[in-house]
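Enquirer: There's a structure below that I have some questions on.
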Amino acid sequence: MLILVINCGSSSVKYDLFDVDGTGRDLCRGIVERIGEDSSIITHEVRGAEKICKKVSCRDHHQAVEIIRDALLDENKSVISEASEVKGVGHRVVHGGEEFSQSTLIDDDVIKSIEKFVPLAPLHNPPSLEGIKSCRKIFRSAPQVAVFDTAFHHSMEKYVYCYGVKYEFYEKYGIRRYGFHGTSHRYVAARAAELLKKPFKELNAITVHLGNGCSAAAVSGGRSVDTSMGFTPLEGLVMGTRSGDIDPAAVTFLMQKEGLDGEGVNDILNKKSGLLGVSGISNDMRDILKAIDAGDKRAQLAYDVFLYRIKKYIGSYAAVLGRVDAVVFTAGIGENVPAIKDTMQKDLRPLMGKKTKFLIIATNEELLIAKDTYGIVKNME
Ligand code: AMP
């Protein structure tokens with residue numbers, strides 16, 4: 001059964017087509033980028049064939065989905081011959097608020113709920129909604145499924161997700177910790193269970209997603225019990241351009257000193273902090289590592305700050321879990337910089353004991369979205 005996975009960003013749409021009851025591998029994948037700019041680009045890769053990259057005109061997300069459909073139907077590289085061969089579309093949706101604890105078949109009510117959570121994820125939920133609405137028209141016969149980044153963390157206890165602020169703010173505005181990257185944490189934790197030959201329900205793991213965004217999660221009994229991102233994806237670990245944890249009083253102090261409004265300070269903490277802010281060089285770990293090799297002290301400091309925060313979170317989740325079977329590193333940095341895993345393994349060995357395995361596992365959020373979608377649509381025909 002063919003399942004299409006759609007992941008909409010503010011100016012891009014990623015896609016991935018899986019034959020889920022075949023090999024489980026994707027048939028093709030790609031991305032439409034620079035949506036809304038003068039010249040957009042589609043990169044389309046059919047398994048076993050060369051990657052194609054071409055300029056297209058694409059004013060919005062709806063047109064991007066049309067371009068994706070046409071790429072899938074392209075007669076030269078034909079992956080499918082009719083749009084109706086796609087039997088389900090799985091959408092990555094960042095924020096499902098308190099409503100969604102698992103992947104969900106999309107209907108008008110689900111769309112309304114995702115709209116309701118736009119104030120909590122103003123950059124992420126609107127493009128997802130565009131993608132969902134377009135796919136409902138363009139892949140008309142395929143049921144649409146929403147897979148939420150927040151859903152896996154729905155299992156956190158109230159005392160874990162509640163901030164130490166006036167309870168009315170939670171009731172009035174939904175200010176609490178939600179957590180993100182849930183699909184990635186769930187995927188790598190389940191893979192760790194497979195690798196350790198343990199039932200997922202019996203595994204205690206700490207999963208550390210280190211990509212453009214970074215977060216850690218404590219997973220026990222197949223459920224997330226705590227995670228480092230909070231009300232927004234800004235809390236927790238130091239990231240490429242995001243600060244992670246910071247004393248809120250430093251934020252108000254900075255606003256006064258620099259004459260910033262809410263939007264201004266938000267911009268600084270989200271886009272100009274983290275590895276980029278501390279190093280003054282780049283948000284990309286590859287550049288940081290190069291600069292360290294060249295003797296740059298600020299790059300070294302950025303790396304040290306980044307690692308120290310990871311170590312503190314892993315240590316605190318060891319306290320939360322009691323027994324830790326696996327510490328798993330994943331995503332762009334986690335998968336490609338084994339020195340981070342090695343450092344943690346060396347430094348945390350006395351705390352963890354001998355039995356804890358330190359692993360690098362490649363994440364595959366798209367595959368999990370496809371599998372969740374398949375699980376929902378397979379009985380619908
Ligand atoms: P992701 O969000 O998972 O795609 O991760 C993106 C980040 O991974 C980039 O910003 C880089 O900092 C980092 N990254 C990707 N490849 C490498 C690599 N070979 N070495 C170090 N960092 C990498």
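Just so we're on the same page: first chain in the structure tokens is A, next is B, and so on; residues restart at 1 for each chain, and ligands are numbered from 1 in the order they show up.
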Residues at most 12 Å from ligand 1, using only C-alpha atoms and all ligand atoms? Could they come as a VMD selection string?

Expert: chain A and resid 181 184 208 to 215 239 to 242 274 to 276 282 to 290 303 306 329 to 340 361 to 365

Enquirer: List as a list in words the protein and nucleic acid residues near region 38-46 of chain A, meaning an atom at most 8 Å away when only C-alpha atoms are counted, but skip any in the same chain fewer than 4 places from it.

Expert: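 Close residues of region 38-46 of chain A: Leu27, Cys28, Arg29, Gly30, Ile31, Val32, Glu33, Arg34, Glu50, Lys51, Ile52, Cys53, Lys54, Lys55, Val56, Ser57, Cys58, Ala71, Lys77 and Val79 of chain A.
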
Enquirer: Next, dump the selected residues to file, keeping only all heavy atoms, as a compact mmCIF listing (two decimals), in the first residue's frame.

Expert:
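Output file selection_16.txt follows:
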```txt
# COMPACT_ATOMS: atom_id res chain seq x y z
N LEU A 27 9.99 4.73 -1.86
CA LEU A 27 10.15 4.61 -3.31
C LEU A 27 10.78 5.87 -3.87
O LEU A 27 11.56 5.83 -4.82
CB LEU A 27 8.80 4.39 -3.98
CG LEU A 27 8.00 3.17 -3.52
CD1 LEU A 27 6.65 3.14 -4.20
CD2 LEU A 27 8.77 1.90 -3.81
N CYS A 28 10.39 6.98 -3.30
CA CYS A 28 11.00 8.24 -3.71
C CYS A 28 10.78 9.29 -2.64
O CYS A 28 9.93 9.13 -1.75
CB CYS A 28 10.45 8.70 -5.05
SG CYS A 28 8.88 9.50 -4.95
N ARG A 29 11.59 10.32 -2.68
CA ARG A 29 11.47 11.40 -1.70
C ARG A 29 11.93 12.69 -2.35
O ARG A 29 12.56 12.65 -3.42
CB ARG A 29 12.32 11.11 -0.48
CG ARG A 29 13.81 11.11 -0.80
CD ARG A 29 14.65 11.01 0.43
NE ARG A 29 14.56 9.68 1.02
CZ ARG A 29 15.33 9.27 2.04
NH1 ARG A 29 16.19 10.11 2.57
NH2 ARG A 29 15.23 8.07 2.51
N GLY A 30 11.61 13.80 -1.72
CA GLY A 30 12.08 15.06 -2.28
C GLY A 30 11.63 16.23 -1.44
O GLY A 30 11.06 16.07 -0.35
N ILE A 31 11.91 17.42 -1.97
CA ILE A 31 11.54 18.64 -1.26
C ILE A 31 11.29 19.76 -2.26
O ILE A 31 12.01 19.87 -3.27
CB ILE A 31 12.65 19.02 -0.24
CG1 ILE A 31 12.25 20.26 0.57
CG2 ILE A 31 14.00 19.25 -0.91
CD1 ILE A 31 13.13 20.52 1.80
N VAL A 32 10.24 20.53 -2.03
CA VAL A 32 10.04 21.79 -2.76
C VAL A 32 10.46 22.90 -1.81
O VAL A 32 9.93 22.99 -0.70
CB VAL A 32 8.57 21.98 -3.20
CG1 VAL A 32 8.40 23.28 -3.96
CG2 VAL A 32 8.10 20.80 -4.04
N GLU A 33 11.43 23.70 -2.23
CA GLU A 33 11.96 24.74 -1.35
C GLU A 33 11.76 26.14 -1.94
O GLU A 33 11.49 26.27 -3.12
CB GLU A 33 13.47 24.53 -1.15
CG GLU A 33 13.80 23.33 -0.30
CD GLU A 33 15.29 23.04 -0.30
OE1 GLU A 33 15.79 22.49 -1.30
OE2 GLU A 33 15.96 23.35 0.69
N ARG A 34 11.94 27.12 -1.08
CA ARG A 34 11.82 28.54 -1.46
C ARG A 34 10.43 28.85 -2.02
O ARG A 34 10.30 29.58 -3.02
CB ARG A 34 12.88 28.93 -2.48
CG ARG A 34 14.27 28.72 -1.94
CD ARG A 34 15.25 29.47 -2.78
NE ARG A 34 16.57 28.90 -2.66
CZ ARG A 34 17.56 29.12 -3.51
NH1 ARG A 34 17.38 29.89 -4.55
NH2 ARG A 34 18.73 28.58 -3.30
N GLU A 50 19.07 8.79 -10.40
CA GLU A 50 19.79 9.99 -10.00
C GLU A 50 18.84 11.07 -9.48
O GLU A 50 17.71 11.18 -9.94
CB GLU A 50 20.56 10.54 -11.20
CG GLU A 50 21.95 10.98 -10.83
CD GLU A 50 22.78 11.19 -12.07
OE1 GLU A 50 23.37 10.20 -12.56
OE2 GLU A 50 22.80 12.33 -12.54
N LYS A 51 19.33 11.86 -8.54
CA LYS A 51 18.54 12.95 -7.97
C LYS A 51 18.30 14.03 -9.03
O LYS A 51 19.24 14.37 -9.77
CB LYS A 51 19.37 13.55 -6.84
CG LYS A 51 18.58 14.20 -5.75
CD LYS A 51 19.53 14.90 -4.79
CE LYS A 51 19.68 14.17 -3.50
NZ LYS A 51 20.45 14.92 -2.50
N ILE A 52 17.09 14.53 -9.11
CA ILE A 52 16.82 15.60 -10.08
C ILE A 52 16.54 16.88 -9.31
O ILE A 52 15.78 16.89 -8.34
CB ILE A 52 15.56 15.28 -10.93
CG1 ILE A 52 15.77 13.99 -11.71
CG2 ILE A 52 15.20 16.42 -11.86
CD1 ILE A 52 14.49 13.42 -12.26
N CYS A 53 17.14 17.97 -9.77
CA CYS A 53 16.96 19.25 -9.10
C CYS A 53 16.54 20.26 -10.16
O CYS A 53 17.28 20.44 -11.14
CB CYS A 53 18.30 19.62 -8.49
SG CYS A 53 18.17 20.83 -7.21
N LYS A 54 15.35 20.85 -10.05
CA LYS A 54 15.01 21.84 -11.08
C LYS A 54 14.22 23.02 -10.53
O LYS A 54 13.55 22.91 -9.49
CB LYS A 54 14.28 21.17 -12.25
CG LYS A 54 12.91 20.65 -11.94
CD LYS A 54 12.25 20.11 -13.21
CE LYS A 54 10.86 19.63 -12.87
NZ LYS A 54 10.24 18.80 -13.83
N LYS A 55 14.33 24.13 -11.25
CA LYS A 55 13.61 25.34 -10.85
C LYS A 55 12.15 25.20 -11.22
O LYS A 55 11.83 24.67 -12.29
CB LYS A 55 14.19 26.55 -11.58
CG LYS A 55 15.49 27.00 -10.99
CD LYS A 55 15.91 28.33 -11.61
CE LYS A 55 17.22 28.78 -11.03
NZ LYS A 55 17.78 29.93 -11.73
N VAL A 56 11.28 25.66 -10.35
CA VAL A 56 9.85 25.65 -10.64
C VAL A 56 9.26 26.97 -10.15
O VAL A 56 9.88 27.68 -9.37
CB VAL A 56 9.12 24.49 -9.93
CG1 VAL A 56 9.36 23.16 -10.60
CG2 VAL A 56 9.50 24.40 -8.46
N SER A 57 8.06 27.25 -10.65
CA SER A 57 7.38 28.42 -10.13
C SER A 57 6.36 27.93 -9.09
O SER A 57 5.52 27.08 -9.40
CB SER A 57 6.72 29.14 -11.31
OG SER A 57 5.63 29.86 -10.85
N CYS A 58 6.47 28.42 -7.87
CA CYS A 58 5.62 27.89 -6.80
C CYS A 58 5.27 29.01 -5.82
O CYS A 58 6.10 29.43 -5.02
CB CYS A 58 6.35 26.76 -6.07
SG CYS A 58 5.38 26.02 -4.78
N ALA A 71 5.42 15.42 -9.96
CA ALA A 71 6.73 14.73 -9.92
C ALA A 71 6.52 13.22 -9.75
O ALA A 71 7.21 12.42 -10.37
CB ALA A 71 7.59 15.28 -8.78
N LYS A 77 10.04 9.04 -15.01
CA LYS A 77 10.51 8.37 -13.79
C LYS A 77 9.31 7.78 -13.05
O LYS A 77 9.34 7.63 -11.84
CB LYS A 77 11.19 9.40 -12.89
CG LYS A 77 12.42 10.00 -13.46
CD LYS A 77 13.61 9.19 -13.06
CE LYS A 77 14.83 9.76 -13.76
NZ LYS A 77 15.89 8.78 -13.82
N VAL A 79 6.60 6.91 -10.85
CA VAL A 79 6.51 6.17 -9.59
C VAL A 79 5.10 5.63 -9.46
O VAL A 79 4.87 4.50 -9.06
CB VAL A 79 6.84 7.10 -8.40
CG1 VAL A 79 6.83 6.31 -7.12
CG2 VAL A 79 8.18 7.77 -8.61
```

Enquirer: By how many Å are CA of Gly36 (chain A) and CA of Pro126 (chain A) apart?

Expert: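 Interatomic distance here is 14.8 Å.
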
Enquirer: Suppose you want the space between CA of Glu75 (chain A) and CA of Gly48 (chain A); what is it in Å?

Expert: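 Here the two named atoms are 16.3 Å from each other.
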
Enquirer: Would you pick out the contacts of Ser228 (chain A) at 9 Å or less, using only C-alpha atoms, so that residues sharing its chain but fewer than 5 positions from it are not included, and give the list as a PyMOL selection string?

Expert: chain A and resi 177+179-180+214-217+233+235-237+244+313

Enquirer: Could you please determine the separation between CA of Arg176 (chain A) and CA of Gly97 (chain A) in Å, to one decimal place?

Expert: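 CA of Gly97 (chain A) lies 9.9 Å from CA of Arg176 (chain A).
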
Enquirer: Please run DSSP on the backbone and report, as a list of chain:residue names, all residues within region 193-224 of chain A that come out as helix (DSSP H, G or I).

Expert: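 The residues of region 193-224 of chain A classed as helix (DSSP H, G or I) are A:Ala193, A:Glu194, A:Leu195, A:Phe200, A:Lys201, A:Glu202.
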
Enquirer: List as a list of chain:residue names the protein and nucleic acid residues near Ile3 (chain A), meaning an atom at most 8 Å away when only C-alpha atoms are counted, but skip any in the same chain fewer than 6 places from it.

Expert: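 After dropping sequence-adjacent residues, the list is A:Leu17, A:Phe18, A:Asp19, A:Val20, A:Val86, A:Lys87, A:Gly88, A:Val89, A:Gly90, A:Ala370, A:Thr373, A:Tyr374.
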
Enquirer: Report the closest atom pair, with its distance in Å rounded to one decimal, for each residue of region 39-120 of chain A that has an atom no farther than 8 Å from region 141-150 of chain A; count only C-alpha atoms, sort by chain and then rising residue number, and write it as a tab-separated table.

Expert:
```
residue	atom	partner	partner_atom	distance
A:Ser84	CA	A:Ser141	CA	6.0
A:Val86	CA	A:Ala142	CA	6.3
A:Lys87	CA	A:Ala142	CA	4.9
A:Gly88	CA	A:Ala142	CA	4.7
A:Val89	CA	A:Gln144	CA	4.8
A:Gly90	CA	A:Val145	CA	4.8
A:His91	CA	A:Ala146	CA	4.9
A:Arg92	CA	A:Val147	CA	5.1
A:Val93	CA	A:Phe148	CA	4.7
A:Val94	CA	A:Asp149	CA	4.7
A:His95	CA	A:Thr150	CA	5.8
A:Gly96	CA	A:Phe148	CA	5.8
A:Gly97	CA	A:Thr150	CA	7.1
A:Phe100	CA	A:Phe148	CA	7.5
A:Ser101	CA	A:Thr150	CA	7.9
A:Gln102	CA	A:Val147	CA	7.2
A:Ser103	CA	A:Val147	CA	4.5
A:Thr104	CA	A:Ala146	CA	5.3
A:Leu105	CA	A:Val145	CA	4.5
A:Ile106	CA	A:Val145	CA	5.3
```

Enquirer: Show me, as a ChimeraX atom specification, the residues that have an atom within 12 Å of Leu123 (chain A) when counting only C-alpha atoms, minus same-chain residues fewer than 2 positions from it.

Expert: /A:8-11,93-95,117-121,125-129,232-233,270

Enquirer: I want to know what sits within 9 Å of Glu99 (chain A), based on only C-alpha atoms, with residues of the same chain fewer than 4 positions away left out; could you give that as JSON, numbers by chain?

Expert: {"A": [113, 151, 154]}

Enquirer: What does the file look like for those residues with N, CA, C and O atoms, as a PDB file, in the first residue's frame?

Expert:
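result_17.pdb written:
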```pdb
ATOM      1  N   SER A 113      -9.233  21.797  15.367  1.00  0.00           N
ATOM      2  CA  SER A 113      -8.358  21.706  16.549  1.00  0.00           C
ATOM      3  C   SER A 113      -6.943  22.175  16.205  1.00  0.00           C
ATOM      4  O   SER A 113      -6.325  22.902  16.982  1.00  0.00           O
ATOM      5  N   ALA A 151       2.498  14.433  20.450  1.00  0.00           N
ATOM      6  CA  ALA A 151       1.649  13.334  20.929  1.00  0.00           C
ATOM      7  C   ALA A 151       2.380  12.362  21.862  1.00  0.00           C
ATOM      8  O   ALA A 151       1.838  11.958  22.895  1.00  0.00           O
ATOM      9  N   HIS A 154       2.453  13.205  25.461  1.00  0.00           N
ATOM     10  CA  HIS A 154       1.152  13.369  26.111  1.00  0.00           C
ATOM     11  C   HIS A 154       1.089  12.585  27.418  1.00  0.00           C
ATOM     12  O   HIS A 154       0.310  12.892  28.319  1.00  0.00           O
TER      13      HIS A 154
END
```

Enquirer: Show which residues sit within 7 Å of Lys355 (chain A), as a VMD selection string. Count only C-alpha atoms, and ignore same-chain residues fewer than 2 positions away.

Expert: chain A and resid 325 353 357
